[in-house]
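Chemist: Okay, so here is model_17.csv, and as you'll see once you scroll down, it has CSV, C-alpha atoms.
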```csv
chain,number,residue,atom,x,y,z
A,33,MET,CA,10.6,13.7,-29.3
A,34,ARG,CA,9.1,10.3,-28.8
A,35,ARG,CA,11.2,9.7,-25.6
A,36,LEU,CA,10.4,13.2,-24.3
A,37,SER,CA,6.7,12.6,-25.0
A,38,ALA,CA,6.8,9.3,-23.0
A,39,ALA,CA,8.4,11.1,-20.0
A,40,VAL,CA,5.8,13.9,-20.1
A,41,LEU,CA,2.9,11.3,-20.5
A,42,ALA,CA,4.3,9.3,-17.5
A,43,VAL,CA,3.8,12.4,-15.3
A,44,SER,CA,0.3,13.2,-16.7
A,45,ARG,CA,-0.9,9.6,-16.2
A,46,HIS,CA,-0.2,9.8,-12.4
A,47,LEU,CA,1.9,6.5,-12.4
A,48,ALA,CA,3.7,5.6,-9.2
A,49,THR,CA,6.3,8.3,-8.4
A,50,ASP,CA,9.3,6.0,-8.6
A,51,GLU,CA,8.1,4.8,-12.1
A,52,VAL,CA,7.8,8.4,-13.3
A,53,LEU,CA,11.1,9.5,-12.0
A,54,GLN,CA,12.8,6.4,-13.4
A,55,THR,CA,11.3,7.2,-16.8
A,56,ILE,CA,12.7,10.7,-16.6
A,57,VAL,CA,16.2,9.5,-15.6
A,58,ALA,CA,16.3,7.0,-18.4
A,59,THR,CA,15.0,9.6,-20.9
A,60,ALA,CA,17.6,12.1,-19.8
A,61,ARG,CA,20.4,9.6,-20.3
A,62,GLU,CA,19.2,8.5,-23.7
A,63,LEU,CA,18.3,11.9,-25.2
A,64,ILE,CA,21.4,13.7,-24.0
A,65,GLY,CA,23.7,10.8,-24.8
A,66,ALA,CA,25.2,10.3,-21.3
A,67,GLU,CA,26.6,7.1,-20.0
A,68,TYR,CA,25.1,7.5,-16.5
A,69,ALA,CA,22.1,9.4,-15.1
A,70,ALA,CA,20.8,9.8,-11.5
A,71,LEU,CA,18.1,11.6,-9.6
A,72,GLY,CA,18.3,12.3,-5.9
A,73,VAL,CA,15.5,13.5,-3.5
A,74,PRO,CA,16.9,14.7,-0.1
A,75,ASP,CA,15.4,13.3,3.1
A,76,GLY,CA,16.1,16.4,5.2
A,77,ALA,CA,18.6,14.6,7.4
A,78,GLY,CA,21.8,14.7,5.2
A,79,SER,CA,21.0,11.8,3.0
A,80,PHE,CA,18.5,10.9,0.3
A,81,ALA,CA,15.0,9.6,0.5
A,82,GLN,CA,15.2,8.5,-3.1
A,83,PHE,CA,18.1,8.0,-5.4
A,84,LEU,CA,17.4,6.5,-8.8
A,85,VAL,CA,20.0,5.6,-11.4
A,86,ASP,CA,20.3,4.6,-15.0
A,87,GLY,CA,23.3,3.1,-16.8
A,88,VAL,CA,24.5,1.2,-13.6
A,89,THR,CA,23.8,-2.5,-13.4
A,90,ASP,CA,22.1,-4.1,-10.3
A,91,GLU,CA,25.4,-5.7,-9.4
A,92,GLN,CA,27.3,-2.4,-9.7
A,93,TRP,CA,24.7,-0.6,-7.6
A,94,ALA,CA,24.8,-3.3,-4.9
A,95,ALA,CA,28.6,-3.1,-4.8
A,96,ILE,CA,28.6,0.7,-4.4
A,97,GLY,CA,26.9,0.3,-1.1
A,98,PRO,CA,24.4,2.6,0.9
A,99,LEU,CA,22.7,5.6,-0.7
A,100,PRO,CA,25.1,8.6,-0.9
A,101,ARG,CA,25.1,11.3,1.6
A,102,GLN,CA,25.1,15.0,0.7
A,103,HIS,CA,28.7,15.8,0.2
A,104,GLY,CA,30.9,17.2,-2.6
A,105,MET,CA,29.0,18.0,-5.8
A,106,LEU,CA,25.8,16.4,-4.5
A,107,ALA,CA,25.7,19.0,-1.7
A,108,VAL,CA,26.5,21.8,-4.3
A,109,MET,CA,23.6,20.7,-6.4
A,110,LEU,CA,21.2,20.9,-3.5
A,111,HIS,CA,22.3,24.4,-2.4
A,112,ASP,CA,23.4,26.2,-5.6
A,113,PRO,CA,20.5,27.0,-8.0
A,114,ALA,CA,22.8,27.4,-11.0
A,115,PRO,CA,23.2,24.4,-13.3
A,116,GLN,CA,26.5,22.6,-13.0
A,117,ARG,CA,28.2,21.8,-16.4
A,118,LEU,CA,31.8,20.5,-15.9
A,119,PRO,CA,34.3,19.0,-18.4
A,120,ASP,CA,35.7,16.8,-15.6
A,121,ILE,CA,34.1,16.6,-12.2
A,122,ARG,CA,37.2,15.0,-10.7
A,123,LYS,CA,39.2,18.3,-11.4
A,124,ASP,CA,36.6,20.5,-9.7
A,125,PRO,CA,37.8,21.7,-6.2
A,126,ARG,CA,34.3,21.0,-4.8
A,127,PHE,CA,34.6,17.3,-5.7
A,128,ARG,CA,35.3,15.0,-2.7
A,129,TRP,CA,35.3,11.2,-3.3
A,130,TRP,CA,33.5,8.1,-4.5
A,131,PRO,CA,33.1,4.7,-3.0
A,132,LYS,CA,35.6,2.1,-4.3
A,133,ALA,CA,33.1,0.4,-6.6
A,134,HIS,CA,31.7,3.6,-8.0
A,135,PRO,CA,32.2,3.9,-11.8
A,136,GLU,CA,34.7,6.5,-13.0
A,137,MET,CA,33.1,9.7,-14.3
A,138,ASP,CA,34.4,12.8,-16.0
A,139,ALA,CA,32.0,15.1,-17.9
A,140,PHE,CA,29.2,16.2,-15.5
A,141,LEU,CA,25.9,18.0,-15.9
A,142,GLY,CA,23.5,18.7,-13.0
A,143,GLN,CA,20.3,20.5,-12.6
A,144,GLN,CA,18.2,21.3,-9.5
A,145,ILE,CA,14.6,20.1,-9.3
A,146,ARG,CA,12.6,23.0,-7.9
A,147,ASP,CA,9.0,23.9,-6.9
A,148,GLY,CA,9.1,27.6,-6.8
A,149,ASP,CA,11.9,28.5,-4.3
A,150,GLU,CA,11.8,25.0,-2.7
A,151,ILE,CA,14.5,22.5,-3.8
A,152,LEU,CA,13.0,19.1,-4.3
A,153,GLY,CA,16.0,17.3,-5.6
A,154,ALA,CA,18.6,17.2,-8.4
A,155,LEU,CA,19.1,15.5,-11.7
A,156,PHE,CA,22.6,14.4,-12.7
A,157,LEU,CA,24.3,13.2,-15.9
A,158,ALA,CA,27.8,12.0,-16.4
A,159,ASN,CA,30.2,10.8,-19.1
A,160,LYS,CA,29.4,12.1,-22.6
A,161,PRO,CA,32.0,12.0,-25.4
A,162,GLY,CA,33.1,15.6,-26.1
A,163,GLY,CA,31.3,16.9,-23.0
A,164,PHE,CA,27.9,18.4,-22.4
A,165,THR,CA,26.6,21.4,-24.3
A,166,LYS,CA,24.3,24.3,-23.6
A,167,ASP,CA,21.5,22.5,-25.5
A,168,ASP,CA,22.0,19.5,-23.2
A,169,GLU,CA,21.7,21.8,-20.2
A,170,GLU,CA,18.4,23.2,-21.6
A,171,MET,CA,17.0,19.7,-22.2
A,172,LEU,CA,17.9,18.6,-18.7
A,173,GLY,CA,16.1,21.7,-17.4
A,174,VAL,CA,12.9,20.6,-19.2
A,175,LEU,CA,13.2,17.1,-17.7
A,176,ALA,CA,13.9,18.5,-14.2
A,177,GLY,CA,10.7,20.6,-14.5
A,178,HIS,CA,8.7,17.4,-15.2
A,179,ALA,CA,10.4,15.7,-12.3
A,180,ALA,CA,9.2,18.6,-10.1
A,181,ILE,CA,5.7,18.0,-11.3
A,182,ALA,CA,5.9,14.3,-10.4
A,183,LEU,CA,7.2,15.0,-7.0
A,184,ARG,CA,4.6,17.7,-6.4
A,185,HIS,CA,1.9,15.1,-7.4
A,186,ALA,CA,3.4,12.7,-4.9
A,187,ARG,CA,3.2,15.3,-2.1
A,188,LEU,CA,-0.4,16.1,-3.0
A,189,TYR,CA,-1.3,12.4,-2.9
A,190,GLU,CA,0.3,12.0,0.5
A,191,ARG,CA,-1.6,15.0,1.9
A,192,GLU,CA,-4.8,13.6,0.4
A,193,ARG,CA,-4.1,10.2,1.9
A,194,GLU,CA,-3.4,11.7,5.4
A,195,LEU,CA,-6.7,13.6,5.1
A,196,ALA,CA,-8.5,10.4,4.1
A,197,ILE,CA,-7.0,8.6,7.1
A,198,THR,CA,-8.0,11.4,9.4
A,199,ARG,CA,-11.6,11.3,8.1
A,200,GLU,CA,-11.7,7.5,8.5
A,201,ARG,CA,-10.5,7.8,12.1
A,202,ASN,CA,-13.1,10.4,12.9
A,203,ARG,CA,-15.8,8.2,11.3
A,204,LEU,CA,-14.6,5.2,13.3
A,205,ALA,CA,-14.6,7.2,16.5
A,206,ARG,CA,-18.2,8.2,15.9
A,207,GLU,CA,-19.3,4.7,15.2
A,208,LEU,CA,-17.5,3.3,18.2
A,209,HIS,CA,-19.2,5.9,20.4
A,210,ASP,CA,-22.6,5.4,18.9
A,211,ALA,CA,-22.6,1.6,18.7
A,212,VAL,CA,-20.0,-0.1,20.9
A,213,ALA,CA,-19.4,2.5,23.7
A,214,GLN,CA,-23.1,2.6,24.6
A,215,LYS,CA,-23.3,-1.2,24.9
A,216,LEU,CA,-20.2,-1.3,27.0
A,217,PHE,CA,-21.7,1.4,29.3
A,218,ALA,CA,-24.9,-0.7,29.6
A,219,LEU,CA,-22.7,-3.8,30.2
A,220,ARG,CA,-20.9,-2.1,33.1
A,221,LEU,CA,-24.2,-1.0,34.7
A,222,THR,CA,-25.8,-4.4,34.3
A,223,SER,CA,-22.8,-6.2,35.8
A,224,GLN,CA,-22.8,-3.8,38.8
A,225,ALA,CA,-26.5,-4.4,39.3
A,226,ALA,CA,-25.8,-8.2,39.3
A,227,ALA,CA,-23.1,-7.7,42.0
A,228,ASP,CA,-25.4,-5.6,44.1
A,229,VAL,CA,-28.1,-8.3,44.4
A,230,LEU,CA,-26.0,-11.4,44.2
A,231,ASP,CA,-26.5,-12.4,47.8
A,232,ALA,CA,-30.0,-11.0,48.3
A,233,ASP,CA,-31.6,-12.2,45.1
A,234,PRO,CA,-29.5,-14.9,43.2
A,235,ALA,CA,-32.2,-15.4,40.5
A,236,ARG,CA,-32.2,-11.7,39.6
A,237,ALA,CA,-28.4,-11.7,39.7
A,238,ARG,CA,-28.4,-14.7,37.3
A,239,ALA,CA,-30.7,-12.9,34.9
A,240,SER,CA,-28.5,-9.8,35.0
A,241,LEU,CA,-25.4,-11.9,34.2
A,242,GLU,CA,-27.2,-13.5,31.2
A,243,GLN,CA,-27.9,-10.0,30.0
A,244,VAL,CA,-24.2,-9.1,30.5
A,245,ALA,CA,-23.3,-12.0,28.2
A,246,THR,CA,-25.8,-10.9,25.6
A,247,LEU,CA,-24.5,-7.3,25.7
A,248,ALA,CA,-20.9,-8.4,25.4
A,249,LYS,CA,-21.7,-10.5,22.3
A,250,GLU,CA,-23.6,-7.6,20.7
A,251,ALA,CA,-20.7,-5.2,21.5
A,252,ALA,CA,-18.2,-7.7,19.9
A,253,GLU,CA,-20.4,-8.0,16.8
A,254,GLU,CA,-20.7,-4.2,16.5
A,255,LEU,CA,-16.9,-3.8,16.7
A,256,ARG,CA,-16.4,-6.5,14.1
A,257,SER,CA,-18.8,-4.6,11.8
A,258,VAL,CA,-16.9,-1.4,12.3
A,259,VAL,CA,-13.6,-3.1,11.4
A,260,VAL,CA,-15.1,-4.8,8.4
A,261,GLU,CA,-16.4,-1.5,7.0
A,262,LEU,CA,-13.0,0.2,7.2
A,263,ARG,CA,-12.1,1.7,3.8
A,264,PRO,CA,-8.8,0.4,2.4
A,265,ALA,CA,-6.9,3.7,2.9
A,266,GLU,CA,-3.6,1.9,3.1
A,267,LEU,CA,-4.1,-0.5,0.2
A,268,GLU,CA,-2.1,1.5,-2.4
A,269,GLU,CA,0.6,2.3,0.1
A,270,ASP,CA,1.1,-1.1,1.8
A,271,GLY,CA,-0.1,-3.5,-0.8
A,272,LEU,CA,-2.9,-6.1,-0.6
A,273,ALA,CA,-1.1,-8.7,1.5
A,274,THR,CA,0.0,-6.2,4.2
A,275,THR,CA,-3.4,-4.6,4.3
A,276,LEU,CA,-5.1,-8.0,4.6
A,277,ARG,CA,-2.7,-9.1,7.3
A,278,LYS,CA,-3.3,-5.9,9.4
A,279,HIS,CA,-7.1,-6.3,9.0
A,280,VAL,CA,-6.9,-10.0,10.1
A,281,GLU,CA,-4.7,-9.1,13.1
A,282,VAL,CA,-7.2,-6.5,14.3
A,283,LEU,CA,-10.1,-9.0,14.0
A,284,ASP,CA,-8.1,-11.6,15.8
A,285,ARG,CA,-7.4,-9.3,18.7
A,286,VAL,CA,-11.1,-8.3,18.9
A,287,ASN,CA,-12.2,-11.9,18.8
A,288,GLN,CA,-9.7,-13.0,21.5
A,289,THR,CA,-11.0,-10.3,23.8
A,290,ALA,CA,-14.6,-11.6,23.2
A,291,GLY,CA,-13.7,-15.3,23.4
A,292,GLY,CA,-14.3,-15.8,19.7
A,293,PRO,CA,-12.4,-17.9,17.0
A,294,ARG,CA,-8.7,-17.3,16.1
A,295,VAL,CA,-8.3,-15.6,12.8
A,296,ARG,CA,-5.1,-16.2,10.8
A,297,PHE,CA,-3.5,-14.9,7.6
A,298,GLU,CA,-0.9,-16.3,5.3
A,299,GLY,CA,0.4,-15.2,2.0
A,300,SER,CA,2.3,-12.5,0.1
A,301,ASP,CA,1.6,-9.8,-2.4
A,302,VAL,CA,0.7,-10.8,-6.0
A,303,LYS,CA,2.3,-8.6,-8.5
A,304,ALA,CA,0.8,-6.6,-11.4
A,305,LEU,CA,-2.8,-6.7,-10.3
A,306,SER,CA,-5.0,-3.7,-11.1
A,307,PRO,CA,-6.1,-1.4,-8.2
A,308,ALA,CA,-9.7,-2.5,-8.9
A,309,ALA,CA,-8.8,-6.2,-8.6
A,310,GLU,CA,-6.9,-5.6,-5.3
A,311,GLU,CA,-9.9,-3.8,-3.8
A,312,VAL,CA,-12.3,-6.5,-4.9
A,313,LEU,CA,-10.0,-9.2,-3.3
A,314,LEU,CA,-9.9,-7.1,-0.1
A,315,ARG,CA,-13.6,-6.6,0.0
A,316,VAL,CA,-14.5,-10.2,-0.7
A,317,ALA,CA,-12.1,-11.3,2.1
A,318,GLN,CA,-13.8,-8.8,4.5
A,319,GLU,CA,-17.3,-10.0,3.6
A,320,ALA,CA,-16.3,-13.7,3.9
A,321,LEU,CA,-14.7,-13.0,7.3
A,322,HIS,CA,-17.8,-11.1,8.4
A,323,ASN,CA,-20.0,-14.1,7.5
A,324,ALA,CA,-17.7,-16.6,9.2
A,325,LEU,CA,-17.6,-14.5,12.4
A,326,ARG,CA,-21.4,-14.0,12.6
A,327,HIS,CA,-22.6,-17.4,11.5
A,328,ALA,CA,-20.0,-20.2,11.4
A,329,GLU,CA,-19.4,-20.8,15.1
A,330,ALA,CA,-15.9,-21.7,14.1
A,331,LYS,CA,-12.8,-22.3,16.2
A,332,THR,CA,-10.4,-21.0,13.5
A,333,ILE,CA,-10.7,-18.9,10.4
A,334,GLY,CA,-7.9,-18.7,7.8
A,335,VAL,CA,-7.3,-16.2,5.1
A,336,ARG,CA,-4.8,-17.2,2.3
A,337,LEU,CA,-3.6,-15.1,-0.6
A,338,SER,CA,-1.3,-16.5,-3.3
A,339,GLU,CA,-0.4,-16.4,-7.0
A,340,HIS,CA,-3.0,-18.1,-9.1
A,341,CYS,CA,-1.7,-20.9,-11.4
A,342,PRO,CA,-4.5,-22.2,-13.6
A,343,ALA,CA,-4.6,-25.9,-14.1
A,344,GLY,CA,-2.6,-27.1,-17.1
A,345,ASN,CA,-0.7,-23.8,-17.2
A,346,ASN,CA,2.8,-23.5,-15.8
A,347,ALA,CA,2.6,-19.7,-15.7
A,348,CYS,CA,1.0,-18.1,-12.6
A,349,GLY,CA,-1.1,-15.3,-13.9
A,350,GLY,CA,-3.3,-13.8,-11.2
A,351,ALA,CA,-4.4,-14.1,-7.6
A,352,LEU,CA,-6.1,-16.7,-5.5
A,353,LEU,CA,-7.9,-15.8,-2.3
A,354,GLU,CA,-9.3,-18.4,0.1
A,355,VAL,CA,-11.2,-17.8,3.4
A,356,VAL,CA,-11.7,-21.1,5.2
A,357,ASP,CA,-13.4,-21.8,8.5
A,358,ASP,CA,-14.0,-25.0,10.5
A,359,GLY,CA,-17.5,-24.0,11.6
A,360,VAL,CA,-21.0,-25.5,11.3
A,361,GLY,CA,-21.2,-25.0,7.5
A,362,PHE,CA,-24.4,-24.7,5.5
A,363,ASP,CA,-26.2,-25.9,2.4
A,364,PRO,CA,-25.7,-23.2,-0.3
A,365,ALA,CA,-28.7,-24.5,-2.3
A,366,ALA,CA,-31.0,-24.3,0.8
A,367,VAL,CA,-29.8,-20.8,1.5
A,368,ARG,CA,-30.6,-19.7,-2.0
A,369,ARG,CA,-34.1,-21.4,-1.8
A,370,ALA,CA,-34.8,-19.6,1.5
A,371,GLY,CA,-33.9,-16.3,-0.1
A,372,ARG,CA,-31.0,-15.6,2.2
A,373,SER,CA,-27.7,-14.6,0.6
A,374,LEU,CA,-25.2,-14.4,3.6
A,375,GLY,CA,-23.4,-11.7,1.5
A,376,LEU,CA,-22.8,-14.2,-1.3
A,377,VAL,CA,-24.6,-12.0,-3.9
A,378,SER,CA,-22.4,-9.1,-3.0
A,379,MET,CA,-19.3,-11.2,-3.3
A,380,ARG,CA,-20.3,-12.6,-6.6
A,381,ASP,CA,-21.1,-9.1,-8.0
A,382,ARG,CA,-17.7,-7.9,-6.8
A,383,ALA,CA,-16.0,-10.9,-8.5
A,384,LYS,CA,-17.8,-10.3,-11.8
A,385,SER,CA,-16.7,-6.6,-11.8
A,386,VAL,CA,-13.1,-7.7,-12.4
A,387,ARG,CA,-14.1,-10.9,-14.3
A,388,GLY,CA,-13.1,-13.1,-11.4
A,389,ARG,CA,-14.5,-16.5,-10.4
A,390,LEU,CA,-16.1,-17.0,-7.0
A,391,ASP,CA,-16.7,-20.5,-5.6
A,392,VAL,CA,-18.5,-21.3,-2.3
A,393,ALA,CA,-17.9,-24.8,-0.9
A,394,SER,CA,-19.8,-25.7,2.3
A,395,THR,CA,-21.4,-28.7,3.9
A,396,PRO,CA,-23.4,-28.7,7.2
A,397,GLY,CA,-21.0,-29.7,9.9
A,398,GLU,CA,-17.9,-29.5,7.7
A,399,GLY,CA,-17.1,-25.8,7.5
A,400,THR,CA,-16.9,-23.4,4.6
A,401,THR,CA,-14.4,-22.3,2.0
A,402,ILE,CA,-14.8,-19.1,-0.1
A,403,ARG,CA,-12.5,-19.1,-3.1
A,404,LEU,CA,-11.9,-16.2,-5.4
A,405,GLU,CA,-9.7,-16.5,-8.5
A,406,VAL,CA,-8.7,-13.3,-10.4
A,407,ASP,CA,-6.6,-13.6,-13.6
A,408,ARG,CA,-4.1,-10.8,-14.0
A,409,GLY,CA,-4.8,-10.2,-17.6
A,410,ARG,CA,-8.6,-10.3,-17.3
A,411,ALA,CA,-8.6,-8.0,-14.2
A,412,ALA,CA,-6.2,-5.4,-15.5
```
What's the structure tokens form of this structure?

Modeler:
Amino acid sequence: MRRLSAAVLAVSRHLATDEVLQTIVATARELIGAEYAALGVPDGAGSFAQFLVDGVTDEQWAAIGPLPRQHGMLAVMLHDPAPQRLPDIRKDPRFRWWPKAHPEMDAFLGQQIRDGDEILGALFLANKPGGFTKDDEEMLGVLAGHAAIALRHARLYERERELAITRERNRLARELHDAVAQKLFALRLTSQAAADVLDADPARARASLEQVATLAKEAAEELRSVVVELRPAELEEDGLATTLRKHVEVLDRVNQTAGGPRVRFEGSDVKALSPAAEEVLLRVAQEALHNALRHAEAKTIGVRLSEHCPAGNNACGGALLEVVDDGVGFDPAAVRRAGRSLGLVSMRDRAKSVRGRLDVASTPGEGTTIRLEVDRGRAA
């Protein structure tokens, strides 16, 4: 009952789908007393999008080779709604073959995972002394039902994510039209006016070209603002490092078009951070980049993400984010006295929300470094 309860709670807590399904597979193997357990989700192309196992070591799994295709009993399980309870799978006429490194199996129990009439996958057990019973079949049916709930949750999440991305694209299109497109239209008209009077009135043409430069700068700043304000729709899907890298690459392309600084990213994902901590790290990086692009007059801006290893502690237990520019720098104390924040208050508030530590190091003429440390345990 304790193991069954854990599997049910895993579904209700909306954990990552792979974690939920792995819990169900492990629970099925333990409760029913099988040596091996597996769960397969078809990909619609004759193979499997997911295939989770329990009772097989990593070394055995690597030796077996690619994910199985839908043949033999696996194909039966995805087309025949009846549970399959066999004393020895090898003696069934529908059995085909296994890879050379595949463990030997005899007693077999399989159950479809269904959502109404739709087959979402199948749950398999193999090798139980004395064979599988009717009670085992009923228990596997209960767990298959919970696997169906987990997969249904995953589908709903994916649909919600697609809707969120569509809404974000629509918002971005509106903002580009309202802000950037109008300035680009004005820029085109002004440049054409300069060309028309270039020979007849050089002074007027020069004034028009100066206005072109101003409009181009404003358009670039508007575009940067739109990029900075993008919501992290892909954060959960891609992870913090990939989301940051994509964001930096977009900014770098925009800046190269406008003749601005190069923007670079280096780093890799930090494991076991809470979703709240990941979003704070992303938002602080965006705010720091926004400040650097607007005020620093830098040639290069770097974003670095790494594991955080506190001084005097051999164990790395969190994340370290650094945004560094080689621009004009500033005096943080003077900025505070003047009542200007440059977004620093917002960044500090975000850091505090996950009990992180934000440090701003800057000197006039020597660039700026924004450093955010988030401990894994404190931010979880």

Chemist: Work out how far apart CA of Thr165 (chain A) and CA of Gln92 (chain A) are and give it in Å to one decimal.

Modeler: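 Distance reported for this atom pair: 27.9 Å.
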
Chemist: Measuring between only C-alpha atoms, which one of A:Ala114, A:Glu250, A:Lys132, A:Met105 shows the shortest distance to Glu169 (chain A)?

Modeler: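 Going through A:Ala114, A:Glu250, A:Lys132, A:Met105 one by one, the smallest distance to Glu169 (chain A) is for A:Ala114.
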
Chemist: Quick one: residues within 7 Å of Leu337 (chain A), all atoms listed in the file counted, chain neighbours fewer than 2 positions away excluded, as a PyMOL selection string?

Modeler: chain A and resi 298-300+335+352-354

Chemist: Go through A:Gly388, A:Pro364, A:Gly87, A:Pro113 one by one, measure the shortest atom-to-atom distance of each to Glu67 (chain A) using only C-alpha atoms, and give the residue with the smallest value.

Modeler: A:Gly87

Chemist: Give me the residues within 6 Å of region 313-328 of chain A as a ChimeraX atom specification, counting all atoms listed in the file and dropping any in the same chain fewer than 2 places off.

Modeler: /A:260,310-311,330,359-360,379

Chemist: Find the residues near Val356 (chain A): any atom within 7 Å, counting all atoms listed in the file, skip ones fewer than 2 places away on the same chain, and give them as a VMD selection string.

Modeler: chain A and resid 333 to 335 354 358 400 to 402

Chemist: Return the single residue from A:Val386, A:Ala218, A:Val406, A:Val392 that is closest to Glu339 (chain A), with distances computed using only C-alpha atoms.

Modeler: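 Smallest separation from Glu339 (chain A) among the options: A:Val406.
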
Chemist: Pick the closest to Phe127 (chain A) from A:Leu106, A:Ala180, A:Asp363, A:Ser306: which is it, counting only C-alpha atoms?

Modeler: A:Leu106

Chemist: Given only C-alpha atoms as the basis, pick out the residue of A:Arg187, A:Lys160, A:His134, A:Arg122 nearest to Pro98 (chain A).

Modeler: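 Of all the options, A:His134 lies closest to Pro98 (chain A).
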
Chemist: What does the structure give for the distance between CA of Val73 (chain A) and CA of Ala60 (chain A), in Å to one decimal?

Modeler: 16.5 Å

Chemist: Please compute the CA of Ala232 (chain A)-CA of Val244 (chain A) distance, one decimal, in Å.

Modeler: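 Interatomic distance, CA of Ala232 (chain A) to CA of Val244 (chain A): 18.8 Å.
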
Chemist: Nearest to Met137 (chain A): which of A:Ala66, A:Ala237, A:Leu183, A:Ala154 is it, counting only C-alpha atoms?

Modeler: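 Checking each candidate against Met137 (chain A), we get A:Ala66 as the closest.
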
Chemist: Give me the residues within 12 Å of Asp75 (chain A) as a count of residues only, counting all atoms listed in the file and dropping any in the same chain fewer than 5 places off.

Modeler: 12

Chemist: Where atoms are missing, can you supply N, CA and C atoms for region 354-371 of chain A and output the lot as an mmCIF file, in the frame of the given file?

Modeler:
```cif
data_model
loop_
_atom_site.group_PDB
_atom_site.id
_atom_site.type_symbol
_atom_site.label_atom_id
_atom_site.label_comp_id
_atom_site.auth_asym_id
_atom_site.auth_seq_id
_atom_site.Cartn_x
_atom_site.Cartn_y
_atom_site.Cartn_z
ATOM 1 N N GLU A 354 -8.480 -17.377 -0.529
ATOM 2 C CA GLU A 354 -9.300 -18.400 0.100
ATOM 3 C C GLU A 354 -9.565 -17.962 1.571
ATOM 4 N N VAL A 355 -10.839 -18.029 1.962
ATOM 5 C CA VAL A 355 -11.200 -17.800 3.400
ATOM 6 C C VAL A 355 -11.879 -19.102 3.829
ATOM 7 N N VAL A 356 -11.248 -19.760 4.783
ATOM 8 C CA VAL A 356 -11.700 -21.100 5.200
ATOM 9 C C VAL A 356 -11.958 -21.107 6.699
ATOM 10 N N ASP A 357 -13.107 -21.700 7.073
ATOM 11 C CA ASP A 357 -13.400 -21.800 8.500
ATOM 12 C C ASP A 357 -13.784 -23.284 8.808
ATOM 13 N N ASP A 358 -13.650 -23.675 10.081
ATOM 14 C CA ASP A 358 -14.000 -25.000 10.500
ATOM 15 C C ASP A 358 -15.300 -25.048 11.285
ATOM 16 N N GLY A 359 -16.225 -24.182 10.882
ATOM 17 C CA GLY A 359 -17.500 -24.000 11.600
ATOM 18 C C GLY A 359 -18.563 -25.002 11.202
ATOM 19 N N VAL A 360 -19.820 -24.584 11.443
ATOM 20 C CA VAL A 360 -21.000 -25.500 11.300
ATOM 21 C C VAL A 360 -21.322 -25.705 9.807
ATOM 22 N N GLY A 361 -20.833 -24.841 8.917
ATOM 23 C CA GLY A 361 -21.200 -25.000 7.500
ATOM 24 C C GLY A 361 -22.619 -24.737 7.205
ATOM 25 N N PHE A 362 -22.993 -24.866 5.936
ATOM 26 C CA PHE A 362 -24.400 -24.700 5.500
ATOM 27 C C PHE A 362 -24.593 -25.289 4.165
ATOM 28 N N ASP A 363 -25.842 -25.361 3.753
ATOM 29 C CA ASP A 363 -26.200 -25.900 2.400
ATOM 30 C C ASP A 363 -26.432 -24.692 1.510
ATOM 31 N N PRO A 364 -25.505 -24.385 0.592
ATOM 32 C CA PRO A 364 -25.700 -23.200 -0.300
ATOM 33 C C PRO A 364 -26.996 -23.231 -1.047
ATOM 34 N N ALA A 365 -27.426 -24.405 -1.518
ATOM 35 C CA ALA A 365 -28.700 -24.500 -2.300
ATOM 36 C C ALA A 365 -29.869 -24.132 -1.384
ATOM 37 N N ALA A 366 -29.854 -24.623 -0.146
ATOM 38 C CA ALA A 366 -31.000 -24.300 0.800
ATOM 39 C C ALA A 366 -30.995 -22.835 1.111
ATOM 40 N N VAL A 367 -29.805 -22.223 1.237
ATOM 41 C CA VAL A 367 -29.800 -20.800 1.500
ATOM 42 C C VAL A 367 -30.370 -20.002 0.364
ATOM 43 N N ARG A 368 -30.059 -20.411 -0.866
ATOM 44 C CA ARG A 368 -30.600 -19.700 -2.000
ATOM 45 C C ARG A 368 -32.150 -19.899 -2.066
ATOM 46 N N ARG A 369 -32.637 -21.118 -1.782
ATOM 47 C CA ARG A 369 -34.100 -21.400 -1.800
ATOM 48 C C ARG A 369 -34.811 -20.549 -0.753
ATOM 49 N N ALA A 370 -34.149 -20.341 0.380
ATOM 50 C CA ALA A 370 -34.800 -19.600 1.500
ATOM 51 C C ALA A 370 -34.704 -18.086 1.240
ATOM 52 N N GLY A 371 -34.029 -17.678 0.161
ATOM 53 C CA GLY A 371 -33.900 -16.300 -0.100
ATOM 54 C C GLY A 371 -32.939 -15.510 0.709
#
```
